[in-house]
$ cat final.cif   # mmCIF, N, CA and C atoms
data_entry
#
loop_
_atom_site.label_atom_id
_atom_site.label_comp_id
_atom_site.auth_asym_id
_atom_site.auth_seq_id
_atom_site.Cartn_x
_atom_site.Cartn_y
_atom_site.Cartn_z
N MET I 1 -4.17 15.73 -2.79
CA MET I 1 -2.76 15.55 -2.50
C MET I 1 -2.41 14.07 -2.70
N LYS I 2 -1.40 13.81 -3.51
CA LYS I 2 -0.96 12.45 -3.78
C LYS I 2 0.09 12.05 -2.75
N PHE I 3 0.02 10.83 -2.33
CA PHE I 3 0.96 10.31 -1.35
C PHE I 3 2.19 9.74 -2.03
N GLU I 4 3.34 10.22 -1.65
CA GLU I 4 4.61 9.73 -2.19
C GLU I 4 5.38 9.06 -1.05
N PRO I 5 5.61 7.74 -1.13
CA PRO I 5 6.28 7.03 -0.04
C PRO I 5 7.63 7.60 0.36
N GLU I 6 8.38 8.09 -0.61
CA GLU I 6 9.73 8.59 -0.29
C GLU I 6 9.71 9.84 0.58
N GLU I 7 8.57 10.51 0.69
CA GLU I 7 8.47 11.71 1.53
C GLU I 7 8.69 11.39 3.01
N LEU I 8 8.26 10.22 3.45
CA LEU I 8 8.39 9.84 4.86
C LEU I 8 9.51 8.84 5.10
N GLY I 9 9.94 8.18 4.09
CA GLY I 9 10.97 7.15 4.22
C GLY I 9 10.36 5.76 4.26
N ARG I 10 11.10 4.85 3.73
CA ARG I 10 10.61 3.48 3.59
C ARG I 10 10.25 2.85 4.93
N SER I 11 11.08 3.02 5.94
CA SER I 11 10.81 2.36 7.23
C SER I 11 9.52 2.86 7.87
N VAL I 12 9.23 4.12 7.74
CA VAL I 12 7.99 4.68 8.29
C VAL I 12 6.79 4.12 7.55
N ILE I 13 6.87 4.09 6.23
CA ILE I 13 5.77 3.56 5.42
C ILE I 13 5.57 2.08 5.71
N GLU I 14 6.67 1.32 5.80
CA GLU I 14 6.54 -0.11 6.11
C GLU I 14 5.87 -0.32 7.46
N HIS I 15 6.19 0.52 8.42
CA HIS I 15 5.53 0.43 9.73
C HIS I 15 4.02 0.61 9.58
N TYR I 16 3.60 1.62 8.84
CA TYR I 16 2.17 1.84 8.64
C TYR I 16 1.51 0.68 7.89
N ILE I 17 2.17 0.17 6.89
CA ILE I 17 1.63 -0.98 6.15
C ILE I 17 1.45 -2.17 7.09
N ASP I 18 2.48 -2.46 7.86
CA ASP I 18 2.42 -3.61 8.77
C ASP I 18 1.40 -3.41 9.88
N GLU I 19 1.23 -2.18 10.31
CA GLU I 19 0.32 -1.88 11.42
C GLU I 19 -1.15 -1.80 11.00
N TYR I 20 -1.44 -1.32 9.80
CA TYR I 20 -2.82 -1.01 9.44
C TYR I 20 -3.39 -1.80 8.26
N ILE I 21 -2.58 -2.63 7.63
CA ILE I 21 -3.11 -3.54 6.61
C ILE I 21 -2.94 -4.95 7.18
N PHE I 22 -4.05 -5.57 7.51
CA PHE I 22 -4.03 -6.78 8.32
C PHE I 22 -3.78 -8.06 7.53
N ASN I 23 -4.15 -8.11 6.30
CA ASN I 23 -3.99 -9.31 5.47
C ASN I 23 -2.57 -9.36 4.90
N GLU I 24 -1.90 -10.48 5.09
CA GLU I 24 -0.50 -10.62 4.64
C GLU I 24 -0.36 -10.40 3.14
N ARG I 25 -1.27 -11.00 2.36
CA ARG I 25 -1.22 -10.83 0.90
C ARG I 25 -1.33 -9.36 0.53
N ASP I 26 -2.25 -8.65 1.19
CA ASP I 26 -2.44 -7.23 0.90
C ASP I 26 -1.21 -6.41 1.28
N ARG I 27 -0.60 -6.75 2.41
CA ARG I 27 0.64 -6.04 2.81
C ARG I 27 1.72 -6.24 1.76
N ASN I 28 1.88 -7.48 1.31
CA ASN I 28 2.91 -7.78 0.31
C ASN I 28 2.61 -7.09 -1.02
N LEU I 29 1.36 -7.07 -1.41
CA LEU I 29 0.96 -6.41 -2.65
C LEU I 29 1.29 -4.91 -2.60
N VAL I 30 0.94 -4.26 -1.51
CA VAL I 30 1.21 -2.82 -1.37
C VAL I 30 2.71 -2.55 -1.37
N LYS I 31 3.45 -3.35 -0.65
CA LYS I 31 4.90 -3.15 -0.60
C LYS I 31 5.54 -3.35 -1.97
N ARG I 32 5.12 -4.38 -2.69
CA ARG I 32 5.69 -4.63 -4.02
C ARG I 32 5.40 -3.48 -4.97
N ARG I 33 4.20 -2.92 -4.88
CA ARG I 33 3.84 -1.81 -5.76
C ARG I 33 4.57 -0.53 -5.34
N MET I 34 4.51 -0.20 -4.07
CA MET I 34 5.11 1.06 -3.60
C MET I 34 6.63 1.08 -3.67
N PHE I 35 7.25 0.01 -3.23
CA PHE I 35 8.70 0.03 -3.08
C PHE I 35 9.45 -0.55 -4.27
N ASP I 36 8.82 -1.49 -4.97
CA ASP I 36 9.49 -2.13 -6.09
C ASP I 36 8.94 -1.69 -7.44
N ALA I 37 7.88 -0.87 -7.42
CA ALA I 37 7.24 -0.33 -8.64
C ALA I 37 6.84 -1.43 -9.62
N VAL I 38 6.35 -2.53 -9.09
CA VAL I 38 5.90 -3.64 -9.93
C VAL I 38 4.57 -3.24 -10.58
N SER I 39 4.43 -3.53 -11.86
CA SER I 39 3.21 -3.17 -12.59
C SER I 39 2.01 -3.95 -12.04
N PHE I 40 0.83 -3.43 -12.29
CA PHE I 40 -0.38 -4.11 -11.85
C PHE I 40 -0.53 -5.46 -12.54
N ASP I 41 -0.16 -5.55 -13.79
CA ASP I 41 -0.24 -6.83 -14.49
C ASP I 41 0.68 -7.88 -13.85
N LYS I 42 1.88 -7.47 -13.52
CA LYS I 42 2.83 -8.39 -12.87
C LYS I 42 2.35 -8.77 -11.47
N LEU I 43 1.81 -7.79 -10.73
CA LEU I 43 1.28 -8.08 -9.40
C LEU I 43 0.11 -9.06 -9.49
N ALA I 44 -0.76 -8.85 -10.45
CA ALA I 44 -1.90 -9.74 -10.64
C ALA I 44 -1.43 -11.17 -10.88
N GLU I 45 -0.43 -11.30 -11.70
CA GLU I 45 0.13 -12.62 -11.99
C GLU I 45 0.79 -13.22 -10.75
N GLU I 46 1.56 -12.41 -10.05
CA GLU I 46 2.27 -12.87 -8.86
C GLU I 46 1.31 -13.33 -7.76
N PHE I 47 0.20 -12.61 -7.59
CA PHE I 47 -0.74 -12.92 -6.51
C PHE I 47 -1.97 -13.69 -6.99
N ASP I 48 -1.94 -14.11 -8.24
CA ASP I 48 -3.02 -14.89 -8.84
C ASP I 48 -4.38 -14.17 -8.73
N LEU I 49 -4.38 -12.92 -9.18
CA LEU I 49 -5.56 -12.07 -9.17
C LEU I 49 -5.76 -11.51 -10.58
N SER I 50 -6.92 -10.95 -10.84
CA SER I 50 -7.10 -10.26 -12.12
C SER I 50 -6.43 -8.88 -12.04
N SER I 51 -6.02 -8.37 -13.18
CA SER I 51 -5.39 -7.04 -13.22
C SER I 51 -6.34 -5.96 -12.73
N ASP I 52 -7.60 -6.05 -13.14
CA ASP I 52 -8.59 -5.05 -12.74
C ASP I 52 -8.79 -5.07 -11.22
N TYR I 53 -8.94 -6.27 -10.65
CA TYR I 53 -9.11 -6.38 -9.20
C TYR I 53 -7.87 -5.84 -8.49
N THR I 54 -6.69 -6.19 -8.98
CA THR I 54 -5.44 -5.75 -8.36
C THR I 54 -5.35 -4.24 -8.34
N ARG I 55 -5.67 -3.62 -9.44
CA ARG I 55 -5.62 -2.15 -9.54
C ARG I 55 -6.60 -1.50 -8.56
N LYS I 56 -7.83 -1.99 -8.54
CA LYS I 56 -8.86 -1.42 -7.65
C LYS I 56 -8.55 -1.69 -6.18
N HIS I 57 -8.08 -2.88 -5.89
CA HIS I 57 -7.77 -3.24 -4.51
C HIS I 57 -6.59 -2.43 -4.00
N TYR I 58 -5.58 -2.26 -4.84
CA TYR I 58 -4.43 -1.43 -4.44
C TYR I 58 -4.88 0.00 -4.17
N ALA I 59 -5.75 0.53 -5.00
CA ALA I 59 -6.24 1.89 -4.80
C ALA I 59 -6.95 2.00 -3.45
N LYS I 60 -7.75 1.02 -3.13
CA LYS I 60 -8.47 1.02 -1.85
C LYS I 60 -7.48 0.94 -0.68
N LEU I 61 -6.52 0.04 -0.77
CA LEU I 61 -5.54 -0.13 0.30
C LEU I 61 -4.66 1.10 0.48
N SER I 62 -4.19 1.66 -0.62
CA SER I 62 -3.30 2.81 -0.52
C SER I 62 -4.06 4.04 -0.02
N THR I 63 -5.34 4.16 -0.35
CA THR I 63 -6.16 5.26 0.17
C THR I 63 -6.32 5.13 1.67
N LYS I 64 -6.60 3.91 2.13
CA LYS I 64 -6.72 3.65 3.57
C LYS I 64 -5.42 4.02 4.28
N LEU I 65 -4.31 3.62 3.72
CA LEU I 65 -2.99 3.90 4.29
C LEU I 65 -2.73 5.41 4.30
N TYR I 66 -2.98 6.06 3.19
CA TYR I 66 -2.77 7.50 3.07
C TYR I 66 -3.59 8.25 4.12
N LYS I 67 -4.85 7.90 4.26
CA LYS I 67 -5.72 8.58 5.23
C LYS I 67 -5.18 8.41 6.65
N ARG I 68 -4.72 7.22 6.96
CA ARG I 68 -4.19 6.97 8.31
C ARG I 68 -2.93 7.80 8.56
N ILE I 69 -2.04 7.83 7.59
CA ILE I 69 -0.81 8.60 7.74
C ILE I 69 -1.13 10.08 7.88
N MET I 70 -2.03 10.59 7.04
CA MET I 70 -2.38 12.01 7.09
C MET I 70 -3.03 12.35 8.42
N ARG I 71 -3.87 11.46 8.94
CA ARG I 71 -4.50 11.69 10.25
C ARG I 71 -3.44 11.78 11.34
N ASP I 72 -2.49 10.86 11.30
CA ASP I 72 -1.42 10.86 12.30
C ASP I 72 -0.53 12.08 12.16
N MET I 73 -0.21 12.47 10.95
CA MET I 73 0.66 13.62 10.73
C MET I 73 -0.03 14.93 11.15
N SER I 74 -1.32 15.02 10.94
CA SER I 74 -2.02 16.27 11.30
C SER I 74 -2.25 16.38 12.79
N SER I 75 -2.15 15.27 13.54
CA SER I 75 -2.35 15.33 14.97
C SER I 75 -1.05 15.62 15.73
N LYS I 76 0.05 15.71 15.01
CA LYS I 76 1.35 15.99 15.66
C LYS I 76 1.58 17.47 15.82
#
$ encode --input "final.cif" --output "structure tokens"
Amino acid sequence: MKFEPEELGRSVIEHYIDEYIFNERDRNLVKRRMFDAVSFDKLAEEFDLSSDYTRKHYAKLSTKLYKRIMRDMSSK
């Protein structure tokens, strides 16, 4: 199942990002990708990272976020 931010609404997703992603750079990276649809190449440039690292790191962060949201949603 793929996670689509618009399913829960921006404010809910932002809450989860702020609550469960502790590094400020990582929070900003996830928000820019999810909400602004910035490409990985542009994100890499913006955050002074390699494109490959940015892509892999975003995948790791978004998976962590997705799992947390799904855990919370299934416990309701």
$ select_by_dssp --input "final.cif" --residues "range 39-69 of chain I" --states "alpha helix (DSSP H)" --output "list in words"
Phe40, Asp41, Lys42, Leu43, Ala44, Glu45, Glu46, Ser51, Asp52, Tyr53, Thr54, Arg55, Lys56, His57, Tyr58, Ala59, Lys60, Leu61, Ser62, Thr63, Lys64, Leu65, Tyr66, Lys67, Arg68 and Ile69 of chain I
$ residues_near_point --input "final.cif" --point "(1.2, -16.7, -5.5)" --cutoff "8 Å" --atoms "only C-alpha atoms" --output "JSON, numbers by chain"
{"I": [45, 46, 47, 48]}
$ atom_distance --input "final.cif" --atom1 "atom C of Leu43 in chain I" --atom2 "atom N of Arg71 in chain I"
27.9 Å
$ atom_distance --input "final.cif" --atom1 "atom N of Lys60 in chain I" --atom2 "CA of Val30 in chain I"
9.9 Å
$ residues_around --input "final.cif" --residues "range 53-58 of chain I" --least-positions-apart "6" --cutoff "12 Å" --atoms "only C-alpha atoms" --output "NGL selection string"
:I and (21 or 25-34 or 38-47 or 64-66)
$ write_last_selection --input "final.cif" --atoms "N, CA and C atoms" --output "CSV table (one decimal), in the frame of the given file"
chain,number,residue,atom,x,y,z
I,21,ILE,N,-2.6,-2.6,7.6
I,21,ILE,CA,-3.1,-3.5,6.6
I,21,ILE,C,-2.9,-5.0,7.2
I,25,ARG,N,-1.3,-11.0,2.4
I,25,ARG,CA,-1.2,-10.8,0.9
I,25,ARG,C,-1.3,-9.4,0.5
I,26,ASP,N,-2.2,-8.6,1.2
I,26,ASP,CA,-2.4,-7.2,0.9
I,26,ASP,C,-1.2,-6.4,1.3
I,27,ARG,N,-0.6,-6.8,2.4
I,27,ARG,CA,0.6,-6.0,2.8
I,27,ARG,C,1.7,-6.2,1.8
I,28,ASN,N,1.9,-7.5,1.3
I,28,ASN,CA,2.9,-7.8,0.3
I,28,ASN,C,2.6,-7.1,-1.0
I,29,LEU,N,1.4,-7.1,-1.4
I,29,LEU,CA,1.0,-6.4,-2.6
I,29,LEU,C,1.3,-4.9,-2.6
I,30,VAL,N,0.9,-4.3,-1.5
I,30,VAL,CA,1.2,-2.8,-1.4
I,30,VAL,C,2.7,-2.6,-1.4
I,31,LYS,N,3.4,-3.4,-0.6
I,31,LYS,CA,4.9,-3.2,-0.6
I,31,LYS,C,5.5,-3.4,-2.0
I,32,ARG,N,5.1,-4.4,-2.7
I,32,ARG,CA,5.7,-4.6,-4.0
I,32,ARG,C,5.4,-3.5,-5.0
I,33,ARG,N,4.2,-2.9,-4.9
I,33,ARG,CA,3.8,-1.8,-5.8
I,33,ARG,C,4.6,-0.5,-5.3
I,34,MET,N,4.5,-0.2,-4.1
I,34,MET,CA,5.1,1.1,-3.6
I,34,MET,C,6.6,1.1,-3.7
I,38,VAL,N,6.4,-2.5,-9.1
I,38,VAL,CA,5.9,-3.6,-9.9
I,38,VAL,C,4.6,-3.2,-10.6
I,39,SER,N,4.4,-3.5,-11.9
I,39,SER,CA,3.2,-3.2,-12.6
I,39,SER,C,2.0,-4.0,-12.0
I,40,PHE,N,0.8,-3.4,-12.3
I,40,PHE,CA,-0.4,-4.1,-11.8
I,40,PHE,C,-0.5,-5.5,-12.5
I,41,ASP,N,-0.2,-5.6,-13.8
I,41,ASP,CA,-0.2,-6.8,-14.5
I,41,ASP,C,0.7,-7.9,-13.8
I,42,LYS,N,1.9,-7.5,-13.5
I,42,LYS,CA,2.8,-8.4,-12.9
I,42,LYS,C,2.4,-8.8,-11.5
I,43,LEU,N,1.8,-7.8,-10.7
I,43,LEU,CA,1.3,-8.1,-9.4
I,43,LEU,C,0.1,-9.1,-9.5
I,44,ALA,N,-0.8,-8.8,-10.4
I,44,ALA,CA,-1.9,-9.7,-10.6
I,44,ALA,C,-1.4,-11.2,-10.9
I,45,GLU,N,-0.4,-11.3,-11.7
I,45,GLU,CA,0.1,-12.6,-12.0
I,45,GLU,C,0.8,-13.2,-10.8
I,46,GLU,N,1.6,-12.4,-10.0
I,46,GLU,CA,2.3,-12.9,-8.9
I,46,GLU,C,1.3,-13.3,-7.8
I,47,PHE,N,0.2,-12.6,-7.6
I,47,PHE,CA,-0.7,-12.9,-6.5
I,47,PHE,C,-2.0,-13.7,-7.0
I,64,LYS,N,-6.6,3.9,2.1
I,64,LYS,CA,-6.7,3.6,3.6
I,64,LYS,C,-5.4,4.0,4.3
I,65,LEU,N,-4.3,3.6,3.7
I,65,LEU,CA,-3.0,3.9,4.3
I,65,LEU,C,-2.7,5.4,4.3
I,66,TYR,N,-3.0,6.1,3.2
I,66,TYR,CA,-2.8,7.5,3.1
I,66,TYR,C,-3.6,8.2,4.1
$ atom_distance --input "final.cif" --atom1 "CA of Val12 in chain I" --atom2 "CA of Asp52 in chain I"
28.5 Å
$ residues_near_point --input "final.cif" --point "(-0.7, 9.8, 9.7)" --cutoff "12 Å" --atoms "only C-alpha atoms" --output "ChimeraX atom specification"
/I:3,8,12-13,15-17,19-20,63-76
$ axis_aligned_box --input "final.cif" --around "range 55-63 of chain I" --padding-each-side "5 Å" --output "lines of an AutoDock Vina configuration file"
center_x = -6.1
center_y = 0.8
center_z = -3.9
size_x = 15.6
size_y = 18.9
size_z = 21.2
$ build_atoms --input "final.cif" --residues "range 38-49 of chain I" --atoms "all heavy atoms" --output "PDB file, in the coordinates of the input"
ATOM      1  N   VAL I  38       6.350  -2.530  -9.090  1.00  0.00           N
ATOM      2  CA  VAL I  38       5.900  -3.640  -9.930  1.00  0.00           C
ATOM      3  C   VAL I  38       4.570  -3.240 -10.580  1.00  0.00           C
ATOM      4  O   VAL I  38       3.701  -2.655  -9.932  1.00  0.00           O
ATOM      5  CB  VAL I  38       5.724  -4.926  -9.085  1.00  0.00           C
ATOM      6  CG1 VAL I  38       5.176  -6.064  -9.911  1.00  0.00           C
ATOM      7  CG2 VAL I  38       7.047  -5.304  -8.436  1.00  0.00           C
ATOM      8  N   SER I  39       4.430  -3.530 -11.860  1.00  0.00           N
ATOM      9  CA  SER I  39       3.210  -3.170 -12.590  1.00  0.00           C
ATOM     10  C   SER I  39       2.010  -3.950 -12.040  1.00  0.00           C
ATOM     11  O   SER I  39       2.167  -5.027 -11.449  1.00  0.00           O
ATOM     12  CB  SER I  39       3.372  -3.458 -14.081  1.00  0.00           C
ATOM     13  OG  SER I  39       3.342  -4.859 -14.310  1.00  0.00           O
ATOM     14  N   PHE I  40       0.830  -3.430 -12.290  1.00  0.00           N
ATOM     15  CA  PHE I  40      -0.380  -4.110 -11.850  1.00  0.00           C
ATOM     16  C   PHE I  40      -0.530  -5.460 -12.540  1.00  0.00           C
ATOM     17  O   PHE I  40      -0.987  -6.427 -11.914  1.00  0.00           O
ATOM     18  CB  PHE I  40      -1.623  -3.242 -12.075  1.00  0.00           C
ATOM     19  CG  PHE I  40      -1.692  -2.071 -11.136  1.00  0.00           C
ATOM     20  CD1 PHE I  40      -1.555  -0.788 -11.608  1.00  0.00           C
ATOM     21  CD2 PHE I  40      -1.891  -2.259  -9.777  1.00  0.00           C
ATOM     22  CE1 PHE I  40      -1.613   0.294 -10.745  1.00  0.00           C
ATOM     23  CE2 PHE I  40      -1.944  -1.191  -8.900  1.00  0.00           C
ATOM     24  CZ  PHE I  40      -1.806   0.091  -9.383  1.00  0.00           C
ATOM     25  N   ASP I  41      -0.160  -5.550 -13.790  1.00  0.00           N
ATOM     26  CA  ASP I  41      -0.240  -6.830 -14.490  1.00  0.00           C
ATOM     27  C   ASP I  41       0.680  -7.880 -13.850  1.00  0.00           C
ATOM     28  O   ASP I  41       0.295  -9.029 -13.672  1.00  0.00           O
ATOM     29  CB  ASP I  41       0.104  -6.665 -15.966  1.00  0.00           C
ATOM     30  CG  ASP I  41      -0.969  -5.903 -16.731  1.00  0.00           C
ATOM     31  OD1 ASP I  41      -2.141  -5.925 -16.294  1.00  0.00           O
ATOM     32  OD2 ASP I  41      -0.640  -5.294 -17.761  1.00  0.00           O
ATOM     33  N   LYS I  42       1.880  -7.470 -13.520  1.00  0.00           N
ATOM     34  CA  LYS I  42       2.830  -8.390 -12.870  1.00  0.00           C
ATOM     35  C   LYS I  42       2.350  -8.770 -11.470  1.00  0.00           C
ATOM     36  O   LYS I  42       2.479  -9.920 -11.055  1.00  0.00           O
ATOM     37  CB  LYS I  42       4.227  -7.773 -12.789  1.00  0.00           C
ATOM     38  CG  LYS I  42       4.870  -7.550 -14.112  1.00  0.00           C
ATOM     39  CD  LYS I  42       5.430  -8.831 -14.659  1.00  0.00           C
ATOM     40  CE  LYS I  42       6.186  -8.521 -15.931  1.00  0.00           C
ATOM     41  NZ  LYS I  42       6.544  -9.704 -16.660  1.00  0.00           N
ATOM     42  N   LEU I  43       1.810  -7.790 -10.730  1.00  0.00           N
ATOM     43  CA  LEU I  43       1.280  -8.080  -9.400  1.00  0.00           C
ATOM     44  C   LEU I  43       0.110  -9.060  -9.490  1.00  0.00           C
ATOM     45  O   LEU I  43       0.014  -9.997  -8.688  1.00  0.00           O
ATOM     46  CB  LEU I  43       0.809  -6.798  -8.708  1.00  0.00           C
ATOM     47  CG  LEU I  43       1.885  -5.867  -8.197  1.00  0.00           C
ATOM     48  CD1 LEU I  43       1.273  -4.557  -7.728  1.00  0.00           C
ATOM     49  CD2 LEU I  43       2.681  -6.513  -7.077  1.00  0.00           C
ATOM     50  N   ALA I  44      -0.760  -8.850 -10.450  1.00  0.00           N
ATOM     51  CA  ALA I  44      -1.900  -9.740 -10.640  1.00  0.00           C
ATOM     52  C   ALA I  44      -1.430 -11.170 -10.880  1.00  0.00           C
ATOM     53  O   ALA I  44      -1.953 -12.127 -10.295  1.00  0.00           O
ATOM     54  CB  ALA I  44      -2.763  -9.245 -11.792  1.00  0.00           C
ATOM     55  N   GLU I  45      -0.430 -11.300 -11.700  1.00  0.00           N
ATOM     56  CA  GLU I  45       0.130 -12.620 -11.990  1.00  0.00           C
ATOM     57  C   GLU I  45       0.790 -13.220 -10.750  1.00  0.00           C
ATOM     58  O   GLU I  45       0.556 -14.388 -10.412  1.00  0.00           O
ATOM     59  CB  GLU I  45       1.178 -12.474 -13.112  1.00  0.00           C
ATOM     60  CG  GLU I  45       1.709 -13.754 -13.649  1.00  0.00           C
ATOM     61  CD  GLU I  45       2.674 -13.500 -14.795  1.00  0.00           C
ATOM     62  OE1 GLU I  45       2.324 -12.757 -15.736  1.00  0.00           O
ATOM     63  OE2 GLU I  45       3.786 -14.061 -14.730  1.00  0.00           O
ATOM     64  N   GLU I  46       1.560 -12.410 -10.050  1.00  0.00           N
ATOM     65  CA  GLU I  46       2.270 -12.870  -8.860  1.00  0.00           C
ATOM     66  C   GLU I  46       1.310 -13.330  -7.760  1.00  0.00           C
ATOM     67  O   GLU I  46       1.579 -14.312  -7.063  1.00  0.00           O
ATOM     68  CB  GLU I  46       3.146 -11.714  -8.339  1.00  0.00           C
ATOM     69  CG  GLU I  46       4.015 -12.045  -7.176  1.00  0.00           C
ATOM     70  CD  GLU I  46       4.914 -10.894  -6.764  1.00  0.00           C
ATOM     71  OE1 GLU I  46       5.355 -10.108  -7.647  1.00  0.00           O
ATOM     72  OE2 GLU I  46       5.177 -10.773  -5.570  1.00  0.00           O
ATOM     73  N   PHE I  47       0.200 -12.610  -7.590  1.00  0.00           N
ATOM     74  CA  PHE I  47      -0.740 -12.920  -6.510  1.00  0.00           C
ATOM     75  C   PHE I  47      -1.970 -13.690  -6.990  1.00  0.00           C
ATOM     76  O   PHE I  47      -2.919 -13.891  -6.240  1.00  0.00           O
ATOM     77  CB  PHE I  47      -1.154 -11.628  -5.796  1.00  0.00           C
ATOM     78  CG  PHE I  47      -0.024 -11.005  -5.023  1.00  0.00           C
ATOM     79  CD1 PHE I  47       0.726  -9.972  -5.574  1.00  0.00           C
ATOM     80  CD2 PHE I  47       0.314 -11.461  -3.762  1.00  0.00           C
ATOM     81  CE1 PHE I  47       1.776  -9.397  -4.870  1.00  0.00           C
ATOM     82  CE2 PHE I  47       1.366 -10.895  -3.048  1.00  0.00           C
ATOM     83  CZ  PHE I  47       2.105  -9.865  -3.603  1.00  0.00           C
ATOM     84  N   ASP I  48      -1.940 -14.110  -8.240  1.00  0.00           N
ATOM     85  CA  ASP I  48      -3.020 -14.890  -8.840  1.00  0.00           C
ATOM     86  C   ASP I  48      -4.380 -14.170  -8.730  1.00  0.00           C
ATOM     87  O   ASP I  48      -5.366 -14.728  -8.247  1.00  0.00           O
ATOM     88  CB  ASP I  48      -3.091 -16.283  -8.187  1.00  0.00           C
ATOM     89  CG  ASP I  48      -3.912 -17.256  -9.004  1.00  0.00           C
ATOM     90  OD1 ASP I  48      -3.987 -17.093 -10.243  1.00  0.00           O
ATOM     91  OD2 ASP I  48      -4.485 -18.191  -8.410  1.00  0.00           O
ATOM     92  N   LEU I  49      -4.380 -12.920  -9.180  1.00  0.00           N
ATOM     93  CA  LEU I  49      -5.560 -12.070  -9.170  1.00  0.00           C
ATOM     94  C   LEU I  49      -5.760 -11.510 -10.580  1.00  0.00           C
ATOM     95  O   LEU I  49      -4.831 -11.518 -11.382  1.00  0.00           O
ATOM     96  CB  LEU I  49      -5.389 -10.914  -8.185  1.00  0.00           C
ATOM     97  CG  LEU I  49      -5.066 -11.274  -6.742  1.00  0.00           C
ATOM     98  CD1 LEU I  49      -4.581 -10.051  -5.983  1.00  0.00           C
ATOM     99  CD2 LEU I  49      -6.278 -11.899  -6.070  1.00  0.00           C
TER     100      LEU I  49
END
